[in-house]
>>> print(open('target07.pdb').read())   # PDB, C-alpha atoms
MODEL        1
ATOM      1  CA  MET P   1     103.439 127.118  98.638
ATOM      2  CA  LYS P   2     105.858 124.968 100.624
ATOM      3  CA  LYS P   3     105.546 121.276  99.854
ATOM      4  CA  ASN P   4     105.165 118.788 102.669
ATOM      5  CA  VAL P   5     107.972 116.339 103.297
ATOM      6  CA  ILE P   6     106.866 112.769 102.625
ATOM      7  CA  ASP P   7     108.850 110.133 104.502
ATOM      8  CA  GLU P   8     110.285 107.290 102.427
ATOM      9  CA  PRO P   9     110.106 103.633 103.489
ATOM     10  CA  SER P  10     112.893 102.736 105.888
ATOM     11  CA  PHE P  11     114.741  99.412 105.707
ATOM     12  CA  HIS P  12     117.121  98.413 108.498
ATOM     13  CA  GLU P  13     118.647  95.536 106.522
ATOM     14  CA  ASP P  14     118.463  93.854 103.125
ATOM     15  CA  GLN P  15     115.307  91.889 102.391
ATOM     16  CA  ILE P  16     115.542  88.133 101.955
ATOM     17  CA  PRO P  17     113.477  86.265  99.317
ATOM     18  CA  GLY P  18     109.917  85.573 100.422
ATOM     19  CA  SER P  19     107.604  82.737  99.426
ATOM     20  CA  VAL P  20     103.947  81.819  99.733
ATOM     21  CA  SER P  21     104.797  79.628 102.722
ATOM     22  CA  ASP P  22     105.817  82.772 104.637
ATOM     23  CA  LEU P  23     102.242  84.042 104.620
ATOM     24  CA  THR P  24     101.137  82.739 108.006
ATOM     25  CA  ARG P  25      98.426  84.775 109.690
ATOM     26  CA  GLU P  26     100.008  84.373 113.120
ATOM     27  CA  ASP P  27     103.168  86.366 112.389
ATOM     28  CA  ARG P  28     104.096  89.748 111.023
ATOM     29  CA  ILE P  29     105.894  89.392 107.695
ATOM     30  CA  TYR P  30     109.147  91.305 108.135
ATOM     31  CA  GLY P  31     112.093  91.998 105.856
ATOM     32  CA  LYS P  32     110.977  89.894 102.876
ATOM     33  CA  CYS P  33     111.124  90.502  99.129
ATOM     34  CA  PHE P  34     108.423  88.827  97.044
ATOM     35  CA  SER P  35     109.331  88.809  93.348
ATOM     36  CA  GLU P  36     107.471  87.767  90.166
ATOM     37  CA  CYS P  37     104.912  85.585  91.889
ATOM     38  CA  ALA P  38     101.197  85.460  92.679
ATOM     39  CA  LEU P  39      99.950  85.950  96.240
ATOM     40  CA  ASP P  40      96.455  84.865  97.191
ATOM     41  CA  ASP P  41      94.280  86.163 100.060
ATOM     42  CA  VAL P  42      96.564  88.148 102.373
ATOM     43  CA  GLN P  43      93.601  89.707 104.199
ATOM     44  CA  GLY P  44      94.362  91.112 107.649
ATOM     45  CA  MET P  45      98.113  90.470 107.478
ATOM     46  CA  ARG P  46     100.929  92.780 108.632
ATOM     47  CA  PHE P  47     103.898  93.562 106.400
ATOM     48  CA  SER P  48     106.897  95.594 107.575
ATOM     49  CA  GLU P  49     110.044  96.502 105.610
ATOM     50  CA  CYS P  50     108.962  94.381 102.634
ATOM     51  CA  ARG P  51     109.190  94.701  98.863
ATOM     52  CA  PHE P  52     106.788  93.373  96.261
ATOM     53  CA  ASP P  53     108.401  93.261  92.802
ATOM     54  CA  HIS P  54     106.038  92.475  89.894
ATOM     55  CA  VAL P  55     103.664  90.517  92.120
ATOM     56  CA  THR P  56     100.076  89.748  91.102
ATOM     57  CA  PHE P  57      97.579  89.720  93.956
ATOM     58  CA  THR P  58      94.425  87.607  94.020
ATOM     59  CA  GLY P  59      91.812  86.976  96.696
ATOM     60  CA  SER P  60      91.300  89.634  99.390
ATOM     61  CA  MET P  61      93.731  92.310 100.600
ATOM     62  CA  ARG P  62      91.315  93.862 103.075
ATOM     63  CA  SER P  63      92.465  95.291 106.413
ATOM     64  CA  LEU P  64      96.196  95.023 105.775
ATOM     65  CA  ASP P  65      98.751  96.767 107.980
ATOM     66  CA  LEU P  66     101.599  98.051 105.782
ATOM     67  CA  ALA P  67     104.616  99.906 107.168
ATOM     68  CA  ASP P  68     107.776 100.652 105.152
ATOM     69  CA  VAL P  69     106.681  98.741 102.045
ATOM     70  CA  ILE P  70     107.458  99.165  98.327
ATOM     71  CA  PHE P  71     105.264  97.865  95.495
ATOM     72  CA  GLU P  72     107.113  97.875  92.144
ATOM     73  CA  GLY P  73     105.256  96.956  88.937
ATOM     74  CA  CYS P  74     102.566  95.041  90.852
ATOM     75  CA  ASP P  75      99.012  94.241  89.775
ATOM     76  CA  LEU P  76      96.414  94.971  92.465
ATOM     77  CA  SER P  77      93.539  95.446  90.043
ATOM     78  CA  ASN P  78      90.015  94.739  91.315
ATOM     79  CA  MET P  79      91.334  93.794  94.769
ATOM     80  CA  ASN P  80      89.484  94.526  98.008
ATOM     81  CA  PHE P  81      92.114  96.781  99.614
ATOM     82  CA  SER P  82      89.630  98.521 101.908
ATOM     83  CA  GLU P  83      90.214  99.497 105.557
ATOM     84  CA  THR P  84      93.973  99.142 105.101
ATOM     85  CA  SER P  85      96.597 101.122 107.018
ATOM     86  CA  LEU P  86      99.538 102.370 104.928
ATOM     87  CA  ARG P  87     102.525 104.144 106.495
ATOM     88  CA  ARG P  88     105.604 105.009 104.451
ATOM     89  CA  VAL P  89     104.515 103.027 101.401
ATOM     90  CA  VAL P  90     105.496 103.515  97.742
ATOM     91  CA  PHE P  91     103.647 102.272  94.642
ATOM     92  CA  ARG P  92     105.716 102.526  91.436
ATOM     93  CA  HIS P  93     104.217 101.691  88.028
ATOM     94  CA  CYS P  94     101.495  99.537  89.573
ATOM     95  CA  ARG P  95      98.014  98.665  88.314
ATOM     96  CA  LEU P  96      95.208  99.581  90.710
ATOM     97  CA  ILE P  97      92.385  99.488  88.170
ATOM     98  CA  GLY P  98      89.060  99.039  89.961
ATOM     99  CA  THR P  99      90.818  98.498  93.309
ATOM    100  CA  ASP P 100      88.704  99.188  96.414
ATOM    101  CA  CYS P 101      90.770 101.324  98.819
ATOM    102  CA  SER P 102      87.749 102.773 100.613
ATOM    103  CA  LEU P 103      88.056 103.703 104.293
ATOM    104  CA  SER P 104      91.820 103.182 104.167
ATOM    105  CA  SER P 105      94.428 105.348 105.894
ATOM    106  CA  PHE P 106      97.297 106.707 103.771
ATOM    107  CA  GLN P 107     100.162 108.360 105.666
ATOM    108  CA  HIS P 108     103.420 109.276 103.926
ATOM    109  CA  VAL P 109     102.538 107.400 100.732
ATOM    110  CA  LYS P 110     103.818 107.912  97.180
ATOM    111  CA  MET P 111     102.092 106.678  94.027
ATOM    112  CA  GLU P 112     104.232 107.134  90.914
ATOM    113  CA  GLY P 113     103.243 106.252  87.349
ATOM    114  CA  CYS P 114     100.310 104.098  88.447
ATOM    115  CA  ARG P 115      97.142 103.188  86.523
ATOM    116  CA  CYS P 116      94.297 103.974  88.912
ATOM    117  CA  SER P 117      91.183 104.193  86.757
ATOM    118  CA  TYR P 118      88.002 103.229  88.637
ATOM    119  CA  LEU P 119      89.984 103.243  91.903
ATOM    120  CA  ASN P 120      87.695 103.602  94.945
ATOM    121  CA  LEU P 121      89.132 105.921  97.606
ATOM    122  CA  ASN P 122      85.802 106.845  99.167
ATOM    123  CA  GLY P 123      86.073 107.742 102.835
ATOM    124  CA  ALA P 124      89.872 107.444 102.868
ATOM    125  CA  SER P 125      92.160 109.448 105.133
ATOM    126  CA  ILE P 126      94.970 110.927 103.021
ATOM    127  CA  ARG P 127      97.835 112.592 104.894
ATOM    128  CA  HIS P 128     101.180 113.564 103.353
ATOM    129  CA  VAL P 129     100.692 111.771 100.044
ATOM    130  CA  LEU P 130     102.226 112.368  96.606
ATOM    131  CA  LEU P 131     100.398 111.350  93.424
ATOM    132  CA  SER P 132     102.755 111.668  90.460
ATOM    133  CA  SER P 133     101.961 110.823  86.809
ATOM    134  CA  CYS P 134      99.018 108.624  87.803
ATOM    135  CA  ASP P 135      95.773 108.120  85.860
ATOM    136  CA  PHE P 136      92.625 108.502  87.996
ATOM    137  CA  THR P 137      90.096 108.381  85.167
ATOM    138  CA  ASP P 138      86.635 107.461  86.541
ATOM    139  CA  ALA P 139      88.075 107.084  90.051
ATOM    140  CA  ALA P 140      86.032 107.937  93.163
ATOM    141  CA  MET P 141      87.533 110.166  95.865
ATOM    142  CA  ASN P 142      84.351 111.074  97.699
ATOM    143  CA  ASP P 143      84.203 112.078 101.377
ATOM    144  CA  CYS P 144      87.988 111.920 101.738
ATOM    145  CA  ARG P 145      89.849 113.637 104.570
ATOM    146  CA  ILE P 146      92.882 115.305 103.007
ATOM    147  CA  ASN P 147      95.922 116.948 104.578
ATOM    148  CA  GLY P 148      99.180 117.488 102.712
ATOM    149  CA  LEU P 149      98.224 115.926  99.362
ATOM    150  CA  GLN P 150     100.584 116.814  96.490
ATOM    151  CA  LEU P 151      99.701 116.332  92.822
ATOM    152  CA  SER P 152     102.101 116.212  89.875
ATOM    153  CA  GLU P 153     101.034 115.682  86.248
ATOM    154  CA  ASP P 154      98.143 113.371  87.100
ATOM    155  CA  ILE P 155      94.990 112.649  85.082
ATOM    156  CA  PHE P 156      91.581 113.344  86.627
ATOM    157  CA  VAL P 157      88.937 112.660  83.985
ATOM    158  CA  HIS P 158      85.378 112.042  85.229
ATOM    159  CA  THR P 159      86.833 111.674  88.725
ATOM    160  CA  GLU P 160      84.456 112.131  91.660
ATOM    161  CA  PHE P 161      85.374 114.460  94.539
ATOM    162  CA  LEU P 162      81.940 114.793  96.146
ATOM    163  CA  GLY P 163      82.142 115.768  99.804
ATOM    164  CA  THR P 164      85.935 116.213  99.626
ATOM    165  CA  GLN P 165      87.480 119.595 100.436
ATOM    166  CA  LEU P 166      89.906 120.598  97.666
ATOM    167  CA  LYS P 167      91.328 123.737  99.283
ATOM    168  CA  ASP P 168      95.072 124.218  98.593
ATOM    169  CA  LEU P 169      95.232 121.266  96.162
ATOM    170  CA  ASP P 170      97.256 122.287  93.096
ATOM    171  CA  PHE P 171      95.793 120.734  89.932
ATOM    172  CA  SER P 172      97.475 123.234  87.617
ATOM    173  CA  ASP P 173      99.889 120.792  85.899
ATOM    174  CA  SER P 174      97.405 117.896  85.862
ATOM    175  CA  THR P 175      94.575 117.004  83.474
ATOM    176  CA  LEU P 176      91.211 118.007  84.941
ATOM    177  CA  GLN P 177      88.140 117.176  82.867
ATOM    178  CA  GLY P 178      84.518 116.367  83.646
ATOM    179  CA  ILE P 179      85.034 115.912  87.382
ATOM    180  CA  SER P 180      82.177 115.745  89.908
ATOM    181  CA  VAL P 181      82.525 118.210  92.759
ATOM    182  CA  ASN P 182      80.373 120.101  95.257
ATOM    183  CA  PRO P 183      80.355 123.909  94.890
ATOM    184  CA  GLN P 184      81.392 124.279  98.543
ATOM    185  CA  SER P 185      84.494 122.145  97.947
ATOM    186  CA  VAL P 186      85.939 124.348  95.185
ATOM    187  CA  PRO P 187      87.060 127.522  97.030
ATOM    188  CA  GLY P 188      90.822 127.522  97.492
ATOM    189  CA  MET P 189      91.670 124.833  94.939
ATOM    190  CA  ILE P 190      94.503 125.816  92.589
ATOM    191  CA  VAL P 191      93.927 125.485  88.839
ATOM    192  CA  ASN P 192      95.202 126.954  85.587
ATOM    193  CA  ALA P 193      93.156 129.222  83.312
ATOM    194  CA  SER P 194      91.683 126.480  81.109
ATOM    195  CA  GLN P 195      90.776 124.391  84.136
ATOM    196  CA  ALA P 196      88.992 127.381  85.635
ATOM    197  CA  VAL P 197      86.746 127.520  82.564
ATOM    198  CA  GLU P 198      86.022 123.802  82.985
ATOM    199  CA  LEU P 199      85.055 124.311  86.629
ATOM    200  CA  VAL P 200      82.799 127.244  85.804
ATOM    201  CA  SER P 201      80.926 125.032  83.352
ATOM    202  CA  LEU P 202      80.638 122.190  85.864
ATOM    203  CA  LEU P 203      79.146 124.507  88.447
ATOM    204  CA  GLY P 204      76.436 125.631  86.024
ATOM    205  CA  ILE P 205      77.776 129.146  85.565
ATOM    206  CA  VAL P 206      77.264 130.671  82.125
ATOM    207  CA  VAL P 207      80.074 132.954  80.950
ATOM    208  CA  LYS P 208      78.788 135.637  78.594
ATOM    209  CA  GLU P 209      81.315 136.906  76.061
TER     210      GLU P 209
ENDMDL
END
>>> encode(input="target07.pdb", output="structure tokens")
Amino acid sequence: MKKNVIDEPSFHEDQIPGSVSDLTREDRIYGKCFSECALDDVQGMRFSECRFDHVTFTGSMRSLDLADVIFEGCDLSNMNFSETSLRRVVFRHCRLIGTDCSLSSFQHVKMEGCRCSYLNLNGASIRHVLLSSCDFTDAAMNDCRINGLQLSEDIFVHTEFLGTQLKDLDFSDSTLQGISVNPQSVPGMIVNASQAVELVSLLGIVVKE
């Protein structure tokens, strides 16, 4: 199956150092690099062509507008990240443990080596997204709208996919254990032989030897 091309963030010029004083709600934050700091309550703000390097977020991150943004080694755990628009965004080695990303829109997004246990993606729109070497243990991905999602060596243990169509999603090189899924969502999903046995058990089918 041909993989979808996922656009990378685009930067027209080098970013200049950013500071807390730059976070005015009246302006779009453009071309800044925030490094090794703590940012509090950025709710509703717009960030374009920005980098966040080992930043810890506190307060609310709800309803952000992110375009051409890179998060590197950041901690977004337990943040309200809901109803956020993400376009050409990369998360590398970030913590999103317990983060609420419900009802958010992900377009051309990469998540690489991230810790995403208890992540809430319920109701999210996921288009042209790569999840690579991420841990989604106990995460919720219910009622998601998915188009062009690619998976690579991820962990899905006790992850919820209720109401989410899994057709054409290739889980074969990922860990898949104890997930919650509707029977009507399973047809067309791609799994390996051991995962198929796991799914049969989840769906209440008894295999007689």
>>> residues_around(input="target07.pdb", residues="range 39-50 of chain P", least_positions_apart="4", cutoff="7 Å", atoms="all atoms listed in the file", output="PyMOL selection string")
chain P and resi 10-11+15+20+25+28-33+56-70
>>> write_last_selection(input="target07.pdb", atoms="C-alpha atoms", output="mmCIF file, keeping the file's coordinate frame")
data_model
loop_
_atom_site.group_PDB
_atom_site.id
_atom_site.type_symbol
_atom_site.label_atom_id
_atom_site.label_comp_id
_atom_site.auth_asym_id
_atom_site.auth_seq_id
_atom_site.Cartn_x
_atom_site.Cartn_y
_atom_site.Cartn_z
ATOM 1 C CA SER P 10 112.893 102.736 105.888
ATOM 2 C CA PHE P 11 114.741 99.412 105.707
ATOM 3 C CA GLN P 15 115.307 91.889 102.391
ATOM 4 C CA VAL P 20 103.947 81.819 99.733
ATOM 5 C CA ARG P 25 98.426 84.775 109.690
ATOM 6 C CA ARG P 28 104.096 89.748 111.023
ATOM 7 C CA ILE P 29 105.894 89.392 107.695
ATOM 8 C CA TYR P 30 109.147 91.305 108.135
ATOM 9 C CA GLY P 31 112.093 91.998 105.856
ATOM 10 C CA LYS P 32 110.977 89.894 102.876
ATOM 11 C CA CYS P 33 111.124 90.502 99.129
ATOM 12 C CA THR P 56 100.076 89.748 91.102
ATOM 13 C CA PHE P 57 97.579 89.720 93.956
ATOM 14 C CA THR P 58 94.425 87.607 94.020
ATOM 15 C CA GLY P 59 91.812 86.976 96.696
ATOM 16 C CA SER P 60 91.300 89.634 99.390
ATOM 17 C CA MET P 61 93.731 92.310 100.600
ATOM 18 C CA ARG P 62 91.315 93.862 103.075
ATOM 19 C CA SER P 63 92.465 95.291 106.413
ATOM 20 C CA LEU P 64 96.196 95.023 105.775
ATOM 21 C CA ASP P 65 98.751 96.767 107.980
ATOM 22 C CA LEU P 66 101.599 98.051 105.782
ATOM 23 C CA ALA P 67 104.616 99.906 107.168
ATOM 24 C CA ASP P 68 107.776 100.652 105.152
ATOM 25 C CA VAL P 69 106.681 98.741 102.045
ATOM 26 C CA ILE P 70 107.458 99.165 98.327
#
>>> residues_around(input="target07.pdb", residues="Asn120 in chain P", least_positions_apart="2", cutoff="12 Å", atoms="only C-alpha atoms", output="count of residues only")
34
>>> closest_residue(input="target07.pdb", among="P:Glu8, P:Gly113, P:Asp173, P:Gln107", to="Ser125 in chain P", atoms="only C-alpha atoms")
P:Gln107
>>> closest_residue(input="target07.pdb", among="P:Asp7, P:Asp53, P:Asp154, P:Glu36", to="Phe71 in chain P", atoms="all atoms listed in the file")
P:Asp53
>>> resolve_selection(input="target07.pdb", expression="the PyMOL selection byres ((chain P and resi 147) around 10)", output="VMD selection string")
chain P and resid 4 107 125 to 129 144 to 146 148 to 150 165 to 169
>>> atom_distance(input="target07.pdb", atom1="CA of Val197 in chain P", atom2="CA of Phe156 in chain P")
15.5 Å
>>> atom_distance(input="target07.pdb", atom1="CA of Leu199 in chain P", atom2="CA of Cys114 in chain P")
25.4 Å
>>> resolve_selection(input="target07.pdb", expression="the PyMOL selection byres ((chain P and resi 184) around 12)", output="PyMOL selection string")
chain P and resi 161-167+181-183+185-189+203
>>> closest_residue(input="target07.pdb", among="P:Val157, P:Leu121, P:Cys37, P:Phe52", to="Thr84 in chain P", atoms="only C-alpha atoms")
P:Leu121
>>> atom_distance(input="target07.pdb", atom1="CA of Ser180 in chain P", atom2="CA of Arg87 in chain P")
28.7 Å
>>> residues_around(input="target07.pdb", residues="Glu198 in chain P", least_positions_apart="5", cutoff="9 Å", atoms="only C-alpha atoms", output="PyMOL selection string")
chain P and resi 176-178+193+203
>>> write_last_selection(input="target07.pdb", atoms="C-alpha atoms", output="compact mmCIF listing (two decimals), in the coordinates of the input")
# COMPACT_ATOMS: atom_id res chain seq x y z
CA LEU P 176 91.21 118.01 84.94
CA GLN P 177 88.14 117.18 82.87
CA GLY P 178 84.52 116.37 83.65
CA ALA P 193 93.16 129.22 83.31
CA LEU P 203 79.15 124.51 88.45
>>> resolve_selection(input="target07.pdb", expression="the PyMOL selection byres ((chain P and resi 93) around 9)", output="list in words")
Phe71, Glu72, Gly73, Cys74, Phe91, Arg92, Cys94, Arg95, Met111, Glu112, Gly113, Cys114, Arg115 and Cys134 of chain P
>>> axis_aligned_box(input="target07.pdb", around="range 168-186 of chain P", padding_each_side="4 Å", output="AutoDock Vina command-line options")
--center_x 90.1 --center_y 120.0 --center_z 90.7 --size_x 27.5 --size_y 16.6 --size_z 23.7
